[in-house]
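Text of the file work_32.cif, holding mmCIF, C-alpha atoms:
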```cif
data_structure
#
loop_
_atom_site.label_atom_id
_atom_site.label_comp_id
_atom_site.auth_asym_id
_atom_site.auth_seq_id
_atom_site.Cartn_x
_atom_site.Cartn_y
_atom_site.Cartn_z
CA MET A 1 110.39 77.17 125.02
CA ALA A 2 110.55 80.85 124.25
CA VAL A 3 113.25 82.77 126.04
CA SER A 4 112.11 85.85 127.91
CA HIS A 5 113.42 88.18 130.60
CA PRO A 6 111.93 90.13 133.48
CA THR A 7 111.28 93.76 132.65
CA THR A 8 114.03 94.95 135.00
CA VAL A 9 116.52 92.79 133.13
CA ARG A 10 115.28 94.01 129.76
CA ASN A 11 115.63 97.59 130.92
CA ALA A 12 119.13 96.97 132.21
CA MET A 13 120.23 95.25 129.01
CA ALA A 14 118.97 98.11 126.87
CA ASP A 15 120.47 100.80 129.11
CA TRP A 16 123.84 99.05 129.11
CA LEU A 17 123.83 98.65 125.35
CA LEU A 18 122.66 102.13 124.48
CA ALA A 19 125.03 103.82 126.93
CA GLN A 20 127.87 102.48 124.84
CA LEU A 21 126.81 104.80 122.04
CA ASP A 22 127.76 107.81 124.15
CA VAL A 23 131.25 106.83 125.30
CA SER A 24 133.33 108.77 122.77
CA GLY A 25 131.06 111.67 121.90
CA PRO A 26 127.63 111.72 120.33
CA GLY A 27 126.83 108.43 118.63
CA LYS A 28 125.48 108.00 115.12
CA LEU A 29 122.51 106.47 113.36
CA ALA A 30 123.55 105.31 109.91
CA PHE A 31 121.45 104.03 107.04
CA ARG A 32 123.38 101.53 104.97
CA LEU A 33 123.30 99.17 102.05
CA ALA A 34 123.24 95.45 102.80
CA GLY A 35 125.91 94.17 105.14
CA THR A 36 126.41 92.44 108.44
CA ALA A 37 127.05 93.54 112.00
CA ASP A 38 130.73 92.67 111.61
CA ALA A 39 131.00 93.97 108.05
CA PRO A 40 128.45 96.77 107.70
CA GLY A 41 127.33 97.90 104.27
CA THR A 42 128.11 101.20 102.59
CA VAL A 43 126.68 104.24 104.35
CA ALA A 44 123.99 106.22 102.56
CA ALA A 45 123.19 108.70 105.36
CA THR A 46 124.55 109.44 108.82
CA LEU A 47 122.65 111.25 111.55
CA THR A 48 124.12 112.39 114.87
CA LEU A 49 122.51 111.39 118.15
CA SER A 50 122.40 113.58 121.25
CA ALA A 51 125.29 113.38 123.71
CA THR A 52 123.05 111.21 125.86
CA SER A 53 121.52 109.31 123.01
CA PHE A 54 118.63 107.54 124.76
CA GLY A 55 116.61 108.12 127.88
CA ALA A 56 116.28 105.49 130.57
CA THR A 57 114.55 102.37 129.33
CA ALA A 58 111.04 101.79 130.66
CA ALA A 59 108.99 98.66 130.06
CA GLY A 60 111.75 97.46 127.75
CA VAL A 61 111.56 100.48 125.47
CA ALA A 62 114.16 103.24 125.16
CA THR A 63 113.40 106.47 123.32
CA ALA A 64 116.09 108.49 121.61
CA ALA A 65 116.73 112.13 122.41
CA ALA A 66 116.86 114.66 119.57
CA ILE A 67 118.68 113.49 116.44
CA ALA A 68 120.48 115.89 114.11
CA SER A 69 119.57 115.50 110.48
CA ASP A 70 121.97 114.62 107.71
CA THR A 71 121.44 117.64 105.48
CA ASN A 72 123.72 116.43 102.71
CA ALA A 73 123.46 112.65 102.54
CA THR A 74 126.13 110.66 100.78
CA GLY A 75 123.40 108.68 99.06
CA ASN A 76 123.59 105.60 96.89
CA ALA A 77 121.73 104.20 93.89
CA SER A 78 121.08 100.98 95.80
CA PRO A 79 118.33 100.83 98.42
CA VAL A 80 118.90 101.01 102.14
CA ALA A 81 118.88 97.55 103.69
CA ASN A 82 120.30 98.11 107.16
CA ALA A 83 120.52 100.67 109.92
CA THR A 84 123.23 100.85 112.55
CA LEU A 85 123.60 102.56 115.89
CA GLN A 86 127.26 103.23 116.44
CA THR A 87 129.73 105.25 118.45
CA ALA A 88 131.17 108.55 117.27
CA ALA A 89 134.23 106.60 116.21
CA GLY A 90 132.11 104.32 114.03
CA THR A 91 132.05 101.17 116.13
CA VAL A 92 128.74 99.45 115.44
CA LYS A 93 126.75 98.47 118.54
CA VAL A 94 123.38 97.71 116.94
CA HIS A 95 122.85 96.44 113.41
CA CYS A 96 119.41 95.77 112.00
CA ALA A 97 117.65 94.97 108.77
CA VAL A 98 115.07 97.58 107.89
CA ALA A 99 111.71 97.44 106.21
CA ALA A 100 109.94 100.67 105.40
CA SER A 101 106.43 101.73 104.57
CA ALA A 102 106.19 105.04 102.78
CA SER A 103 103.42 107.50 103.19
CA ASP A 104 103.35 108.76 99.68
CA ILE A 105 105.62 106.95 97.24
CA ASN A 106 105.90 103.59 95.58
CA MET A 107 108.23 101.45 97.64
CA SER A 108 108.66 98.67 95.11
CA GLY A 109 112.25 99.71 94.53
CA GLY A 110 113.02 100.00 98.22
CA LEU A 111 114.07 103.01 100.23
CA THR A 112 116.72 104.83 98.25
CA ILE A 113 118.60 107.91 99.45
CA ALA A 114 120.12 110.14 96.80
CA ALA A 115 123.23 112.25 97.16
CA GLY A 116 122.41 115.60 98.73
CA ASP A 117 119.08 114.52 100.18
CA THR A 118 118.21 115.61 103.70
CA VAL A 119 117.45 112.72 106.02
CA ALA A 120 115.71 113.42 109.33
CA VAL A 121 114.52 111.10 112.08
CA SER A 122 111.76 112.49 114.26
CA SER A 123 111.35 109.47 116.51
CA LEU A 124 113.50 106.48 117.33
CA THR A 125 112.89 103.73 119.84
CA TYR A 126 114.79 100.61 120.79
CA THR A 127 112.79 97.73 122.19
CA ALA A 128 114.80 95.20 124.16
CA PRO A 129 114.44 91.48 123.50
CA PRO A 130 111.47 90.07 125.37
CA MET B 1 114.79 52.23 137.26
CA ASN B 2 113.41 55.47 135.85
CA ASP B 3 111.63 54.62 132.62
CA GLU B 4 111.33 58.29 131.64
CA PHE B 5 114.95 58.40 130.56
CA PRO B 6 116.52 58.62 128.16
CA ARG B 7 114.00 60.97 126.63
CA GLU B 8 113.71 61.58 122.97
CA PRO B 9 115.39 64.88 122.04
CA GLN B 10 112.84 67.58 121.48
CA PRO B 11 112.90 69.33 118.10
CA LEU B 12 114.10 72.91 118.04
CA LEU B 13 111.72 75.57 116.84
CA PRO B 14 112.06 76.22 113.11
CA ASP B 15 113.86 79.40 112.11
CA ASP B 16 110.65 81.07 110.99
CA ASP B 17 108.63 80.12 114.05
CA PRO B 18 107.12 83.37 115.37
CA VAL B 19 107.73 82.31 118.95
CA ARG B 20 111.41 81.84 118.23
CA LEU B 21 111.63 85.15 116.38
CA LYS B 22 109.92 86.94 119.22
CA ALA B 23 112.30 85.39 121.68
CA GLU B 24 115.43 86.38 119.81
CA HIS B 25 114.96 89.86 118.47
CA ALA B 26 115.08 93.37 119.72
CA VAL B 27 113.32 95.91 117.52
CA LEU B 28 114.14 99.40 116.34
CA HIS B 29 111.35 101.78 115.25
CA ALA B 30 112.01 105.06 113.50
CA THR B 31 110.09 107.74 111.69
CA VAL B 32 112.25 109.01 108.85
CA THR B 33 111.68 112.03 106.64
CA ILE B 34 113.64 112.46 103.45
CA THR B 35 113.67 115.76 101.60
CA ARG B 36 114.74 115.17 98.04
CA LYS B 37 117.41 117.55 96.85
CA ALA B 38 116.40 117.11 93.22
CA THR B 39 112.69 117.85 93.60
CA GLY B 40 112.18 119.28 97.07
CA LYS B 41 109.63 116.56 97.70
CA VAL B 42 109.27 115.42 101.29
CA GLU B 43 108.74 111.71 101.93
CA THR B 44 107.96 110.19 105.30
CA TYR B 45 108.70 106.60 106.22
CA SER B 46 107.93 104.46 109.21
CA ILE B 47 110.79 102.04 109.58
CA VAL B 48 110.88 98.87 111.59
CA GLY B 49 114.28 97.37 112.10
CA THR B 50 114.78 93.89 113.43
CA LEU B 51 118.20 93.00 114.67
CA ALA B 52 119.84 91.22 111.80
CA ASP B 53 121.77 88.02 111.97
CA ASP B 54 125.16 87.98 110.38
CA ASP B 55 123.76 86.05 107.46
CA ASN B 56 122.20 89.31 106.29
CA ASP B 57 118.59 88.20 106.33
CA GLU B 58 116.61 91.14 105.04
CA ARG B 59 113.05 91.58 106.25
#
```
What's the structure tokens form of this structure?
Amino acid sequence: MAVSHPTTVRNAMADWLLAQLDVSGPGKLAFRLAGTADAPGTVAATLTLSATSFGATAAGVATAAAIASDTNATGNASPVANATLQTAAGTVKVHCAVAASASDINMSGGLTIAAGDTVAVSSLTYTAPP
Amino acid sequence: MNDEFPREPQPLLPDDDPVRLKAEHAVLHATVTITRKATGKVETYSIVGTLADDDNDER
């Protein structure tokens, strides 16, 4: 049997989780090489979330407020495999594997961020478990 | 005597069962733009992130 939750519970779970990003200053969105939630991979780019990182969750979906670009990414020769949402102090709260579809380049080698690249995120949503 | 018990244990859903995956995972969506320092080229990506297990299962 599939596990699911009422929408009010999904909203509450997401709000509780995402509020933790804001506790010690603006949280971060980091793009990383392969790793785990407990042992995250090497960071390739770090973007700063707004002081209140996400708006109130509605219908299980939370939308991020404005995100500051990383205008001088650390970069890495290896492709990005994970993204994390974390506190200002670097404590990971959300860890996910990423798959990307590019609009205009060959993605066979994966999404790679080079040193000095500018990385911007124009939209970011978190959808709570069903 | 209740002849319905003991019941045979029901099999768990396989790891790749879409119902199970749907039940377990939150999802992150992002639109990412990368401006290449070396060329000035702008690349736009639509990223879907599924919460990863600790066994590092890439999707």
(message) For B:Thr35, find every residue with an atom within 12 Å (counting all atoms listed in the file), except residues of its own chain fewer than 3 positions away, and show them as number ranges by chain.
(response) A: 69-73, 112-121; B: 32, 38-45
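Using all atoms listed in the file, the residues found no farther than 9 Å from A:Ala81, other than those of its own chain fewer than 6 positions away, are Phe31, Arg32, Leu33, Ala34, Gly35, Gly41, Cys96, Ala97, Val98, Ala99, Gly110 and Leu111 of chain A; Glu58 and Arg59 of chain B.
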(message) Around the point (105.0, 96.9, 129.5) (coordinates from the file), which residues reach within 12 Å if we count all atoms listed in the file? Answer as a ChimeraX atom specification.
(response) /A:6-8,10-11,57-62,127-128,130
(request) Measuring atom to atom with all atoms listed in the file, identify which of A:Ser24, A:Ser78, A:Thr36, A:Thr87 is nearest to chain B. (result) A:Thr36
(message) List as a PyMOL selection string the protein and nucleic acid residues near A:Thr63, meaning an atom at most 12 Å away when only C-alpha atoms are counted, but skip any in the same chain fewer than 3 places from it.
(response) (chain A and resi 11+14-15+18+49-50+52-60+66-67+122-128) or (chain B and resi 28-30)
(request) Using all atoms listed in the file, pick whichever of A:Val92, A:Leu29, A:Ala37, A:Leu85 has the shortest atom-to-atom distance to chain B. (result) A:Ala37
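All protein, DNA and RNA residues at most 9 Å from (111.7, 85.4, 128.7) are Ala2, Val3, Ser4, His5, Pro6, Pro129 and Pro130 of chain A; Ala23 of chain B, using only C-alpha atoms.
Interatomic distance, atom CA of A:Ala30 to atom CA of A:Thr46: 4.4 Å.
Between atom CA of B:Arg36 and atom CA of B:Thr50 there is a distance of 26.3 Å.
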(request) Considering only C-alpha atoms, return as a list in words whatever protein or nucleic-acid residues lie within 7 Å of A:Ala51, sequence-local ones (same chain, fewer than 4 positions apart) excluded. (result) Asp22, Gly25 and Pro26 of chain A
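Among A:Ala88, A:Leu21, A:Ala64, A:Ala77, the residue with the shortest atom-to-atom distance to B:Thr31, counting only C-alpha atoms, is A:Ala64.
Between atom CA of A:Gly27 and atom CA of A:Ala68 lies a distance of 10.8 Å.
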